[in-house]
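Structure file target_0.cif (mmCIF, C-alpha atoms) is printed below.
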data_my_file
#
loop_
_atom_site.label_atom_id
_atom_site.label_comp_id
_atom_site.auth_asym_id
_atom_site.auth_seq_id
_atom_site.Cartn_x
_atom_site.Cartn_y
_atom_site.Cartn_z
CA MET A 30 22.64 19.98 19.79
CA LYS A 31 19.39 18.87 18.15
CA ARG A 32 16.17 19.02 20.13
CA LYS A 33 12.69 17.75 19.38
CA GLN A 34 9.92 20.28 18.91
CA PHE A 35 6.14 19.99 18.67
CA VAL A 36 3.64 22.78 18.14
CA CYS A 37 0.23 22.23 19.73
CA LEU A 38 -2.40 22.95 17.07
CA GLU A 39 -5.42 23.26 19.35
CA ALA A 40 -7.49 26.23 18.19
CA GLY A 41 -6.03 29.36 19.80
CA CYS A 42 -3.04 27.61 21.37
CA GLU A 43 -0.01 27.01 19.14
CA ARG A 44 2.26 26.43 22.15
CA VAL A 45 5.77 25.31 21.19
CA ILE A 46 7.06 22.41 23.25
CA GLU A 47 10.65 21.23 23.14
CA ALA A 48 12.49 18.28 24.64
CA ASN A 49 15.79 16.46 24.37
CA ASN A 50 14.36 13.26 22.91
CA ASP A 51 11.15 11.58 21.72
CA GLU A 52 10.25 10.11 25.09
CA GLU A 53 10.52 13.44 26.89
CA LEU A 54 8.64 15.20 24.10
CA VAL A 55 5.72 12.76 24.26
CA ARG A 56 5.49 13.19 28.02
CA ALA A 57 5.65 17.00 27.82
CA VAL A 58 3.06 17.29 25.05
CA GLN A 59 0.68 14.89 26.75
CA GLU A 60 0.97 16.87 30.00
CA HIS A 61 0.30 20.11 28.14
CA VAL A 62 -2.75 18.79 26.28
CA ALA A 63 -4.17 17.30 29.49
CA GLU A 64 -3.65 20.45 31.55
CA ALA A 65 -4.43 23.12 28.96
CA HIS A 66 -7.13 21.39 26.94
CA ASN A 67 -8.49 18.63 29.21
CA SER A 68 -7.76 16.23 26.36
CA PHE A 69 -5.04 13.90 25.14
CA GLU A 70 -2.68 13.56 22.21
CA LEU A 71 -1.60 10.12 21.05
CA GLU A 72 2.10 9.24 21.00
CA ASP A 73 2.03 8.55 17.27
CA PHE A 74 0.50 11.97 16.56
CA ILE A 75 3.22 13.68 18.58
CA LEU A 76 6.05 11.80 16.90
CA ALA A 77 4.52 12.33 13.44
CA GLY A 78 4.21 16.07 14.03
CA ALA A 79 7.57 16.58 15.72
CA THR A 80 10.50 18.32 14.09
CA GLU A 81 14.18 18.58 14.96
CA VAL A 82 15.50 22.00 15.82
CA ASP A 83 18.97 23.27 16.70
CA CYS A 84 17.89 25.36 19.61
CA GLY A 85 14.44 26.39 20.64
CA THR A 86 12.20 28.82 22.33
CA THR A 87 9.54 27.38 24.51
CA GLY A 88 6.21 29.08 24.10
CA PRO A 89 4.17 30.77 26.78
CA PRO A 90 2.84 28.64 29.62
CA PRO A 91 -0.55 26.99 29.04
CA MET B 13 22.36 -13.02 -15.83
CA HIS B 14 18.65 -12.76 -16.63
CA LYS B 15 17.82 -15.43 -14.06
CA GLU B 16 19.90 -13.59 -11.45
CA VAL B 17 17.86 -10.41 -12.00
CA ASP B 18 14.65 -12.41 -11.68
CA ASN B 19 15.83 -13.86 -8.40
CA LEU B 20 16.55 -10.38 -7.01
CA LYS B 21 12.86 -9.57 -7.43
CA LYS B 22 11.99 -12.39 -5.04
CA PHE B 23 13.43 -10.50 -2.07
CA HIS B 24 11.87 -7.33 -0.66
CA PHE B 25 13.79 -6.80 2.56
CA THR B 26 16.52 -4.20 2.51
CA ARG B 27 18.39 -2.50 5.32
CA GLU B 28 16.90 0.81 4.20
CA MET B 29 13.36 -0.61 4.36
CA MET B 30 13.95 -1.97 7.86
CA ARG B 31 15.20 1.43 9.03
CA GLY B 32 12.15 3.16 7.55
CA SER B 33 9.28 4.67 9.52
CA VAL B 34 6.62 2.32 8.10
CA TYR B 35 8.62 -0.79 9.00
CA ARG B 36 9.02 0.61 12.52
CA LYS B 37 5.25 0.97 12.74
CA TYR B 38 5.00 -2.72 11.83
CA GLU B 39 7.45 -3.57 14.63
CA LYS B 40 5.56 -1.37 17.08
CA ALA B 41 2.27 -3.05 16.16
CA ILE B 42 3.75 -6.51 16.69
CA ASN B 43 5.13 -5.42 20.08
CA ALA B 44 1.81 -3.86 21.13
CA LEU B 45 -0.46 -6.86 20.63
CA TRP B 46 -3.37 -7.07 23.07
CA ASN B 47 -6.23 -9.51 23.44
CA PRO B 48 -9.83 -8.34 24.06
CA ARG B 49 -10.59 -11.65 25.77
CA GLU B 50 -8.00 -10.91 28.45
CA LEU B 51 -9.71 -7.73 29.68
CA ASP B 52 -11.63 -8.03 32.95
CA TYR B 53 -15.28 -7.24 32.21
CA SER B 54 -16.61 -8.08 35.69
CA LYS B 55 -16.82 -4.49 36.99
CA ASP B 56 -18.55 -3.42 33.77
CA VAL B 57 -21.16 -6.13 34.32
CA GLU B 58 -21.76 -4.82 37.87
CA ASP B 59 -21.95 -1.20 36.66
CA TRP B 60 -24.30 -2.06 33.82
CA ALA B 61 -26.76 -3.65 36.23
CA THR B 62 -27.16 -0.36 38.11
CA LEU B 63 -26.95 2.01 35.13
CA PRO B 64 -30.24 3.86 34.46
CA GLU B 65 -31.97 2.93 31.22
CA HIS B 66 -31.47 6.38 29.63
CA ARG B 67 -27.73 6.14 30.22
CA ARG B 68 -27.59 2.63 28.80
CA ALA B 69 -29.37 3.81 25.65
CA ALA B 70 -27.12 6.87 25.33
CA LEU B 71 -23.97 4.79 25.61
CA LEU B 72 -25.19 2.10 23.24
CA GLY B 73 -25.86 4.84 20.69
CA LEU B 74 -22.09 5.31 20.64
CA THR B 75 -20.78 1.79 21.13
CA VAL B 76 -23.10 0.15 18.59
CA ARG B 77 -22.03 2.74 16.03
CA PHE B 78 -18.39 1.87 16.75
CA PHE B 79 -19.14 -1.85 16.54
CA ALA B 80 -20.66 -1.46 13.07
CA GLY B 81 -17.93 0.98 12.02
CA GLU B 82 -15.06 -1.32 12.96
CA GLN B 83 -16.60 -4.11 10.90
CA ALA B 84 -17.18 -1.77 7.96
CA VAL B 85 -13.60 -0.53 7.87
CA ALA B 86 -12.18 -4.04 8.29
CA GLU B 87 -14.18 -5.12 5.25
CA ASN B 88 -12.71 -2.35 3.12
CA LEU B 89 -9.01 -2.77 3.83
CA ILE B 90 -8.18 -5.33 1.15
CA PRO B 91 -7.84 -2.69 -1.62
CA MET B 92 -5.12 -0.99 0.42
CA ILE B 93 -3.11 -4.20 0.49
CA GLN B 94 -3.72 -4.70 -3.22
CA ALA B 95 -2.51 -1.16 -3.91
CA ALA B 96 0.60 -1.58 -1.73
CA TRP B 97 1.41 -4.75 -3.66
CA ALA B 98 0.80 -3.03 -7.01
CA LEU B 99 3.14 -0.18 -6.01
CA ASP B 100 5.87 -2.61 -4.85
CA ARG B 101 5.70 -1.27 -1.30
CA PHE B 102 6.39 -4.40 0.75
CA ASP B 103 6.87 -2.32 3.90
CA TRP B 104 3.36 -0.88 3.44
CA LEU B 105 2.01 -4.40 2.86
CA MET B 106 3.67 -5.67 6.05
CA TYR B 107 2.30 -2.81 8.12
CA LEU B 108 -1.17 -3.18 6.59
CA SER B 109 -1.24 -6.83 7.66
CA THR B 110 -1.22 -5.59 11.28
CA PHE B 111 -3.75 -2.90 10.39
CA VAL B 112 -6.26 -5.47 9.12
CA MET B 113 -5.77 -7.70 12.14
CA GLU B 114 -6.23 -4.76 14.50
CA GLU B 115 -9.46 -3.58 12.89
CA CYS B 116 -10.83 -7.12 13.18
CA LYS B 117 -9.66 -7.23 16.80
CA HIS B 118 -11.39 -3.93 17.54
CA ALA B 119 -14.61 -5.41 16.18
CA GLU B 120 -14.00 -8.44 18.40
CA PHE B 121 -13.59 -6.17 21.43
CA PHE B 122 -17.01 -4.66 20.75
CA ALA B 123 -18.47 -8.13 20.29
CA GLN B 124 -17.02 -9.21 23.65
CA TRP B 125 -18.17 -6.08 25.47
CA HIS B 126 -21.68 -6.02 24.06
CA GLU B 127 -22.18 -9.73 24.67
CA ARG B 128 -20.66 -9.91 28.15
CA VAL B 129 -21.80 -6.53 29.53
CA ALA B 130 -24.91 -5.35 27.65
CA GLY B 131 -26.09 -8.84 26.75
CA ILE B 132 -26.63 -8.05 23.10
CA LEU B 133 -24.74 -9.43 20.09
CA GLU B 134 -27.08 -10.67 17.36
CA PRO B 135 -27.79 -8.15 14.57
CA GLU B 136 -31.45 -7.87 15.55
CA GLU B 137 -30.39 -7.04 19.12
CA LEU B 138 -27.92 -4.34 18.04
CA ALA B 139 -29.77 -2.66 15.16
CA PRO B 140 -32.37 -0.88 17.34
CA TYR B 141 -29.55 1.15 18.89
CA PHE B 142 -27.95 2.19 15.58
CA LEU B 143 -28.61 5.92 15.14
CA GLU B 144 -29.41 6.61 11.50
CA ARG B 145 -27.19 9.21 9.90
CA ALA B 146 -29.92 9.92 7.35
CA ALA B 147 -32.08 11.31 10.13
CA THR B 148 -29.52 13.97 11.02
CA VAL B 149 -30.43 17.33 9.55
CA ASP B 150 -28.67 20.66 9.12
CA PRO B 151 -31.51 23.11 9.79
CA THR B 152 -29.73 25.89 7.85
CA GLY B 153 -29.59 23.71 4.74
CA ARG B 154 -25.96 24.68 4.13
CA PHE B 155 -24.50 21.23 4.58
CA GLU B 156 -25.33 17.77 3.43
CA LEU B 157 -24.64 15.00 5.89
CA ARG B 158 -23.41 11.94 4.08
CA GLU B 159 -22.79 8.43 5.36
CA VAL B 160 -19.03 8.41 5.12
CA VAL B 161 -18.24 5.08 6.83
CA HIS B 162 -20.93 2.92 5.31
CA GLU B 163 -21.18 4.57 1.86
CA GLY B 164 -18.09 6.72 1.26
CA ILE B 165 -15.37 4.28 2.29
CA PRO B 166 -16.84 1.30 0.37
CA ARG B 167 -17.20 3.48 -2.75
CA TYR B 168 -13.63 4.75 -2.48
CA ALA B 169 -12.49 1.15 -1.89
CA ARG B 170 -14.19 0.06 -5.13
CA GLU B 171 -12.47 2.93 -6.95
CA LEU B 172 -9.11 1.78 -5.59
CA THR B 173 -9.73 -1.82 -6.63
CA ALA B 174 -10.69 -0.64 -10.12
CA ALA B 175 -7.50 1.44 -10.30
CA VAL B 176 -5.36 -1.57 -9.28
CA ASP B 177 -7.03 -3.60 -12.03
CA THR B 178 -5.85 -1.06 -14.65
CA GLU B 179 -2.19 -1.71 -13.66
CA ASP B 180 -1.64 2.01 -14.36
CA ARG B 181 0.69 3.20 -11.59
CA GLN B 182 -0.49 6.81 -11.67
CA LYS B 183 -4.16 5.82 -11.46
CA ILE B 184 -3.37 3.52 -8.52
CA GLU B 185 -1.44 6.25 -6.70
CA ARG B 186 -4.23 8.77 -7.26
CA ALA B 187 -6.96 6.42 -6.05
CA PHE B 188 -4.79 5.35 -3.12
CA LEU B 189 -4.26 8.96 -2.10
CA ARG B 190 -8.02 9.57 -2.14
CA PHE B 191 -8.72 6.39 -0.13
CA LEU B 192 -6.02 7.16 2.47
CA THR B 193 -7.30 10.71 2.82
CA LEU B 194 -10.87 9.61 3.39
CA TYR B 195 -10.18 6.58 5.57
CA ASN B 196 -7.14 7.57 7.64
CA ALA B 197 -7.25 11.36 7.64
CA HIS B 198 -10.96 12.21 7.53
CA VAL B 199 -12.74 9.30 9.20
CA GLU B 200 -10.15 7.87 11.59
CA GLY B 201 -8.08 11.00 12.01
CA VAL B 202 -10.67 13.73 12.52
CA LEU B 203 -14.28 12.52 12.63
CA THR B 204 -13.81 9.60 15.00
CA MET B 205 -11.25 11.00 17.44
CA PRO B 206 -13.81 13.07 19.39
CA SER B 207 -16.05 10.01 19.59
CA TYR B 208 -13.33 7.97 21.29
CA GLU B 209 -12.79 10.80 23.73
CA ILE B 210 -16.53 11.09 24.38
CA VAL B 211 -16.71 7.44 25.43
CA VAL B 212 -13.59 7.67 27.62
CA ASP B 213 -14.89 10.89 29.23
CA THR B 214 -18.30 9.29 29.77
CA CYS B 215 -16.75 6.35 31.62
CA THR B 216 -14.71 8.81 33.70
CA ALA B 217 -17.70 11.06 34.46
CA TRP B 218 -19.83 8.10 35.50
CA ASN B 219 -16.89 6.44 37.31
CA ALA B 220 -17.97 3.23 35.67
CA LEU B 221 -17.22 0.67 32.94
CA PRO B 222 -13.41 0.35 33.28
CA ALA B 223 -13.10 -2.40 30.67
CA LEU B 224 -14.90 -0.27 28.10
CA LYS B 225 -12.57 2.62 28.89
CA GLN B 226 -9.50 0.38 28.73
CA GLY B 227 -10.62 -1.12 25.43
CA TYR B 228 -11.13 2.32 23.92
CA ARG B 229 -7.69 3.42 25.07
CA ARG B 230 -6.13 0.32 23.51
CA ILE B 231 -8.04 0.90 20.28
CA MET B 232 -6.99 4.54 20.16
CA SER B 233 -3.36 3.56 20.52
CA ASP B 234 -3.72 1.24 17.51
CA GLU B 235 -5.57 3.96 15.60
CA GLY B 236 -2.69 6.36 16.18
CA ARG B 237 -0.51 4.06 14.09
CA HIS B 238 -3.21 3.60 11.43
CA ILE B 239 -3.80 7.32 11.06
CA THR B 240 -0.15 8.31 10.89
CA PHE B 241 0.58 5.49 8.44
CA GLY B 242 -2.14 6.92 6.18
CA THR B 243 -1.07 10.52 6.49
CA SER B 244 2.61 9.67 5.92
CA ALA B 245 1.65 7.62 2.86
CA VAL B 246 -0.32 10.60 1.55
CA ARG B 247 2.74 12.77 2.09
CA THR B 248 4.89 10.25 0.19
CA LEU B 249 2.44 10.25 -2.72
CA LEU B 250 2.26 14.06 -2.69
CA ASP B 251 6.07 14.24 -2.79
CA ASP B 252 5.85 12.55 -6.19
CA HIS B 253 2.71 14.44 -7.28
CA PRO B 254 2.58 17.85 -5.55
CA GLU B 255 -0.13 18.89 -8.00
CA TRP B 256 -2.50 16.43 -6.23
CA ASP B 257 -2.67 18.59 -3.12
CA GLN B 258 -6.18 19.68 -4.13
CA LEU B 259 -7.35 16.05 -4.15
CA VAL B 260 -6.95 15.98 -0.37
CA HIS B 261 -9.16 19.05 0.01
CA ASP B 262 -11.69 17.63 -2.47
CA VAL B 263 -12.10 14.51 -0.32
CA PHE B 264 -12.65 16.59 2.83
CA ASP B 265 -15.07 18.81 0.88
CA GLU B 266 -17.14 15.86 -0.30
CA PHE B 267 -17.83 14.98 3.33
CA ARG B 268 -17.59 18.50 4.76
CA GLY B 269 -21.04 18.36 6.30
CA THR B 270 -20.14 15.24 8.25
CA ILE B 271 -17.23 16.93 9.93
CA VAL B 272 -18.29 20.52 10.64
CA GLY B 273 -20.87 19.68 13.30
CA LEU B 274 -21.18 17.01 15.91
CA VAL B 275 -23.40 14.30 14.50
CA GLU B 276 -26.16 12.53 16.36
CA TYR B 277 -24.26 9.73 18.08
CA GLN B 278 -21.57 12.17 19.25
CA LYS B 279 -24.23 14.04 21.24
CA ALA B 280 -25.64 10.96 22.91
CA VAL B 281 -24.33 11.86 26.38
CA PRO B 282 -25.73 15.33 27.07
CA GLU B 283 -23.87 15.99 30.35
CA LEU B 284 -20.52 16.31 28.52
CA ASP B 285 -19.10 19.67 27.39
CA LEU B 286 -19.57 19.14 23.67
CA GLN B 287 -17.75 22.31 22.62
CA LYS B 288 -14.53 20.72 23.87
CA TYR B 289 -14.83 18.05 21.19
CA GLN B 290 -15.42 20.60 18.44
CA VAL B 291 -12.32 22.55 19.44
CA GLY B 292 -10.37 19.29 19.67
CA LYS B 293 -11.59 18.34 16.21
CA VAL B 294 -9.79 21.40 14.83
CA ARG B 295 -6.58 20.18 16.49
CA HIS B 296 -6.97 16.79 14.87
CA TYR B 297 -7.67 18.33 11.45
CA ARG B 298 -4.65 20.62 11.69
CA ASN B 299 -2.49 17.71 12.90
CA ARG B 300 -3.55 15.59 9.92
CA CYS B 301 -2.79 18.43 7.50
CA ARG B 302 0.64 18.90 9.08
CA GLU B 303 1.37 15.18 8.77
CA MET B 304 0.27 15.13 5.12
CA GLY B 305 2.12 18.35 4.27
CA VAL B 306 -1.10 20.07 3.21
CA THR B 307 -2.20 23.61 4.06
CA PRO B 308 -5.36 23.45 6.22
CA ASP B 309 -8.60 24.83 4.81
CA GLU B 310 -9.31 27.79 7.11
CA THR B 311 -12.97 27.97 6.08
CA LEU B 312 -13.44 24.39 7.28
CA ILE B 313 -11.85 25.31 10.61
CA GLU B 314 -14.13 28.33 10.96
CA GLN B 315 -17.16 26.16 10.24
CA ILE B 316 -16.11 23.52 12.78
CA LEU B 317 -15.78 26.27 15.41
CA ASP B 318 -19.05 28.01 14.44
CA PRO B 319 -21.44 27.37 17.36
CA SER B 320 -24.46 28.10 15.18
CA ILE B 321 -23.89 24.86 13.25
CA ASP B 322 -25.80 22.21 15.15
CA PHE B 323 -27.05 19.22 13.24
CA VAL B 324 -28.87 17.08 15.70
CA VAL B 325 -32.45 17.29 14.61
CA GLY B 326 -34.97 14.53 14.22
CA VAL B 327 -32.70 11.68 15.25
CA THR B 328 -34.19 8.23 15.10
CA ALA B 329 -32.70 4.90 16.02
CA GLY B 330 -32.98 1.58 14.25
#
Final structure tokens representation of the file:
Amino acid sequence: MKRKQFVCLEAGCERVIEANNDEELVRAVQEHVAEAHNSFELEDFILAGATEVDCGTTGPPP
Amino acid sequence: MHKEVDNLKKFHFTREMMRGSVYRKYEKAINALWNPRELDYSKDVEDWATLPEHRRAALLGLTVRFFAGEQAVAENLIPMIQAAWALDRFDWLMYLSTFVMEECKHAEFFAQWHERVAGILEPEELAPYFLERAATVDPTGRFELREVVHEGIPRYARELTAAVDTEDRQKIERAFLRFLTLYNAHVEGVLTMPSYEIVVDTCTAWNALPALKQGYRRIMSDEGRHITFGTSAVRTLLDDHPEWDQLVHDVFDEFRGTIVGLVEYQKAVPELDLQKYQVGKVRHYRNRCREMGVTPDETLIEQILDPSIDFVVGVTAG
């Protein structure tokens, strides 16, 4: 099964976030960027930077 | 037979085009229309009346810069449409029609907010708050700070227009790549993103000006489409010309000084944690490089993160 993956590129972070679809990925990345970096990532940036992966490993917690 | 071929050229829609990512951005833009005149400015008017003068001046240093910037970019979009037409990219042309409208609408939002809330709109009322980029200095002398929005983008736009006039496809693609890199990746995609966040954070910190905050959030949502259109178009052009990868870095290099430090208007609200915006700027730069399919310049990242680079010296307004 394909999953969506996004790597946070904040300096020193590089957390890997995975989700089952675009909507879940956007929500998960936005939560991560808000909690870990007190910032926000736009939906279009997340979708433009996302890749499809077969199976994934989620990175360390923020 | 000849006439039939000619008639085929009159139609640009294909199922493949309508499934494409650029066409979907057009659809998203149409579905996301908003009207600056429908925002409720009444609380902002109340807040403005009680805002201390130093805070008003600090905020206007940001908003007036945005107001001028939105007008400047709107004025320089026509060459992109010309180039899309010259390259037979009707999907790009369609999306760019929303892009132009949105930049004009962003300028209108700033007109509405400045007129209704701050009570200033005429050029002579706004100009005193415009912080001059020329007055920003790098005390180490390592970097030159150039006026990217009001000098760089118009110059690149003229280069793109000249390339379209040659009708030479490769020259058009090359000039288009440079323009997209400067406008969408550098200016919109890296330089300006911290500024949006600074205004939103300022409104949050002061618990004031909800219409300004809402307007900025709406604008940022539009900008997300603009930026990722530009970076995906750069990637498309690089797919055909991988040897042009260096052109992207050359554009960033030309305006390196503008991006490595926070410039004067970005430091207008001193109570904010400015280092956060520098770190975030690296994220935006690396995101843009990922979208374009370009390897980030690590020396640029190191310079952005270098706390010793601080440009705000001798700022003057007006």
Spell out the residues picked by the PyMOL selection byres ((chain A) within 8 of (chain B)) here, as a ChimeraX atom specification.
/A:37-40,68,71-74,77-78
For atom CA of B:Glu179 and atom CA of B:Ala96, determine how far apart the two atoms are, in Å to one decimal place.
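Atom-to-atom, atom CA of B:Glu179 and atom CA of B:Ala96 are spaced 12.3 Å apart.
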Shortest interatomic distance to B:Leu203 - which of B:Phe264, B:Tyr141, B:Tyr168, B:Trp46, counting only C-alpha atoms:
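Closest to B:Leu203, using only C-alpha atoms: B:Phe264.
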As a count of residues only, please: the residues near B:Val176 (cut-off 8 Å, only C-alpha atoms, same-chain neighbours under 5 positions excluded).
5
Residues matched by the PyMOL selection byres ((chain B and resi 125) around 10) as an MDAnalysis selection string:
chainID B and resid 48:49 51 53 56:57 75 79 119:124 126:133 223:224 227
I'd like the residues picked by the PyMOL selection byres ((chain B and resi 267-275) around 9) written out as a VMD selection string, using the chain letters and numbers from the file.
chain B and resid 145 148 150 154 to 160 164 194 198 to 199 202 to 203 262 to 266 276 to 279 286 289 to 290 293 312 to 319 321 to 324
Gap from atom CA of B:Asp257 to atom CA of A:Thr80 - Å, one decimal:
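Separation of atom CA of B:Asp257 and atom CA of A:Thr80: 21.7 Å.
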Rounded to one decimal place, report the atom CA of B:Lys55-atom CA of B:Leu72 distance in Å.
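Atom CA of B:Leu72 lies at a distance of 17.4 Å from atom CA of B:Lys55.
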Pick out the closest residue to B:Ala169 from this set: B:Asn43, B:Gln83, B:Thr26, B:Asn88. Count all atoms listed in the file.
B:Asn88
